[in-house]
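Q: Below you will find the structure I want to go over with you.
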Amino acid sequence: GSGGGGGGQTNEEILEALATGMLERLPIKSEKYMFGLPFRVDEVSEKYPTDYNESMNTVLTQELLRFNRVIDVLRNTLQQLVKAVKGLIVMSGDLEALAASMVTGATPALWMKASYPSLKPLSSYFDDFIKRIDFLQQWIDEGPPPVFWLSGFFFTQSFLTGTLQNYARKHKVAIDTLKWDFMVRLDTPSTKADDGCFVNGLFIDGAAWDHRKNVLTEQKPKVLFEVMPIIQLLPILTTDFKLKKGDYESPLYKTSARRGTLSTTGHSTNFVMNMIIPTEREERHWVKRGVALLTQLDD
């Protein structure tokens, strides 16, 4: 309330302010979100119809549908919470658990059930969530970006498969004859890759990047994570693929948990792929240090 009284806010006031602030950032429709939240996928599909030569249109609409489910869960639970805090409805067990998480700054289990993996606390989780829907909105507004924010996808595998499909159709090769090659870029491309795609948003766990030599290098003291430069993911015929001396096959995980349960699709919920990155040391040097790439940090 107003006035300079000493008393702090009650839990109810804190919760109401938190929930209301979050709901304001998820408007039903606004100038920024021209296609509404949840996204109006039918309207987006008119702009980006299913196209044999551009799998990214399907990737986009599938991602919008996945994010719509999370938007619905977040919005509904926050609206219910505001009503319960105001005494308009009874506080259910689910809402009590939600309130308890929010007061301590933890991301509610109810949200995580509907969400992509994340170990972030509440405010970072929500900021990151908004960043993801903004990434999709910008894609809707401006077309596929030159560099894709790999961390922003809900189901990373569908984006990777879509990229392989585009390559296979363009070059008239069977998709199952392809695997990935990787090129680390020290510049920021302003146009999209002719083949494959440019991605950013990754972090190195347990090592660092030498920007002069463009290779993996030792971790700096006290620096746990470092930003990985932009990588070009380049489909290549399996028969043309060769590991070079010093190549390190680094696992890419969504979060630092490093383990992941298998989802219904048979994909791990946390492991994304192995990425081959250049180094000047033997592979075992990095294996011993447990070096991995992550799409997001825990903070």
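Order determines the names: the first chain of the structure tokens is A, the second B, and so forth; residues in each chain are numbered 1 upward, and ligands are numbered 1 upward as they are shown.
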Enumerate the residues of stretch 80-195 of chain A with a DSSP assignment of strand (DSSP E), computed from the backbone, and present them as a ChimeraX atom specification.
A: /A:147-149,178-185
Q: I want to know what sits within 6 Å of stretch 237-239 of chain A, based on only C-alpha atoms, with residues of the same chain fewer than 3 positions away left out; could you give that as a count of residues only?
A: 3
Q: As a ChimeraX atom specification, please: the residues near A:Ile140 (cut-off 9 Å, only C-alpha atoms, same-chain neighbours under 5 positions excluded).
A: /A:35,44,47-48,60,135
Q: Could you save those same residues with N, CA, C and O atoms as a short mmCIF file (atom, residue, chain, number, x, y, z; two decimals), in the first residue's frame?
A:
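Output file result-v1.cif follows:
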data_model
loop_
_atom_site.label_atom_id
_atom_site.label_comp_id
_atom_site.auth_asym_id
_atom_site.auth_seq_id
_atom_site.Cartn_x
_atom_site.Cartn_y
_atom_site.Cartn_z
N PHE A 35 -0.30 -11.53 -33.80
CA PHE A 35 -1.04 -12.77 -34.00
C PHE A 35 -1.56 -13.33 -32.68
O PHE A 35 -1.86 -14.50 -32.57
N VAL A 44 -1.08 -17.62 -38.97
CA VAL A 44 0.35 -17.72 -39.29
C VAL A 44 0.56 -18.70 -40.45
O VAL A 44 1.38 -18.46 -41.33
N LYS A 47 0.38 -17.23 -43.80
CA LYS A 47 1.59 -16.49 -44.18
C LYS A 47 2.74 -17.46 -44.48
O LYS A 47 3.58 -17.20 -45.35
N TYR A 48 2.78 -18.58 -43.73
CA TYR A 48 3.85 -19.57 -43.89
C TYR A 48 3.22 -20.95 -44.15
O TYR A 48 3.20 -21.79 -43.27
N LEU A 60 8.04 -23.82 -37.68
CA LEU A 60 7.51 -22.63 -36.99
C LEU A 60 6.11 -22.91 -36.43
O LEU A 60 5.86 -22.67 -35.24
N PHE A 135 11.20 -14.41 -29.90
CA PHE A 135 11.98 -15.00 -31.00
C PHE A 135 11.02 -15.53 -32.07
O PHE A 135 11.21 -15.30 -33.27
#
Q: With only C-alpha atoms as the basis for distance, which of A:Val59, A:Leu15, A:Leu65, A:Val41 is at the shortest distance from A:Val85?
A: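 Answer, going by the shortest atom-to-atom distance: A:Leu15.
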Q: Would you please give, as a ChimeraX atom specification, all residues of stretch 90-267 of chain A that DSSP assigns to alpha helix (DSSP H) based on the backbone?
A: /A:93-103,109-114,122-142,156-171
Q: Find the residues near stretch 109-120 of chain A: any atom within 10 Å, counting only C-alpha atoms, skip ones fewer than 2 places away on the same chain, and give them as a PyMOL selection string.
A: chain A and resi 66-67+69-74+77+94-95+97-98+101+105-107+122-129+152-155+254-257+260+269-270+295-299
Q: Can you pull out the residues contacting stretch 160-173 of chain A? Cut-off 8 Å, using only C-alpha atoms, and skip same-chain residues under 4 positions away; I want them as a PyMOL selection string.
A: chain A and resi 53-56+59+156+177-178+195-197+235
Q: A:Asp176, A:Glu12, A:Asp134, A:Glu24: which is nearest A:Ala100, counting only C-alpha atoms?
A: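 Among A:Asp176, A:Glu12, A:Asp134, A:Glu24, it is A:Glu12 that comes nearest to A:Ala100.
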Q: Which neighbours of A:Asp181 fall inside 8 Å, counting only C-alpha atoms, when residues of the same chain fewer than 6 positions from it are skipped, and could you give them as number ranges by chain?
A: A: 233-236, 241, 276
Q: A:Met34: which residues within 9 Å, counting only C-alpha atoms, same-chain residues fewer than 4 positions away excluded, as a VMD selection string?
A: chain A and resid 29 to 30 39 137 141
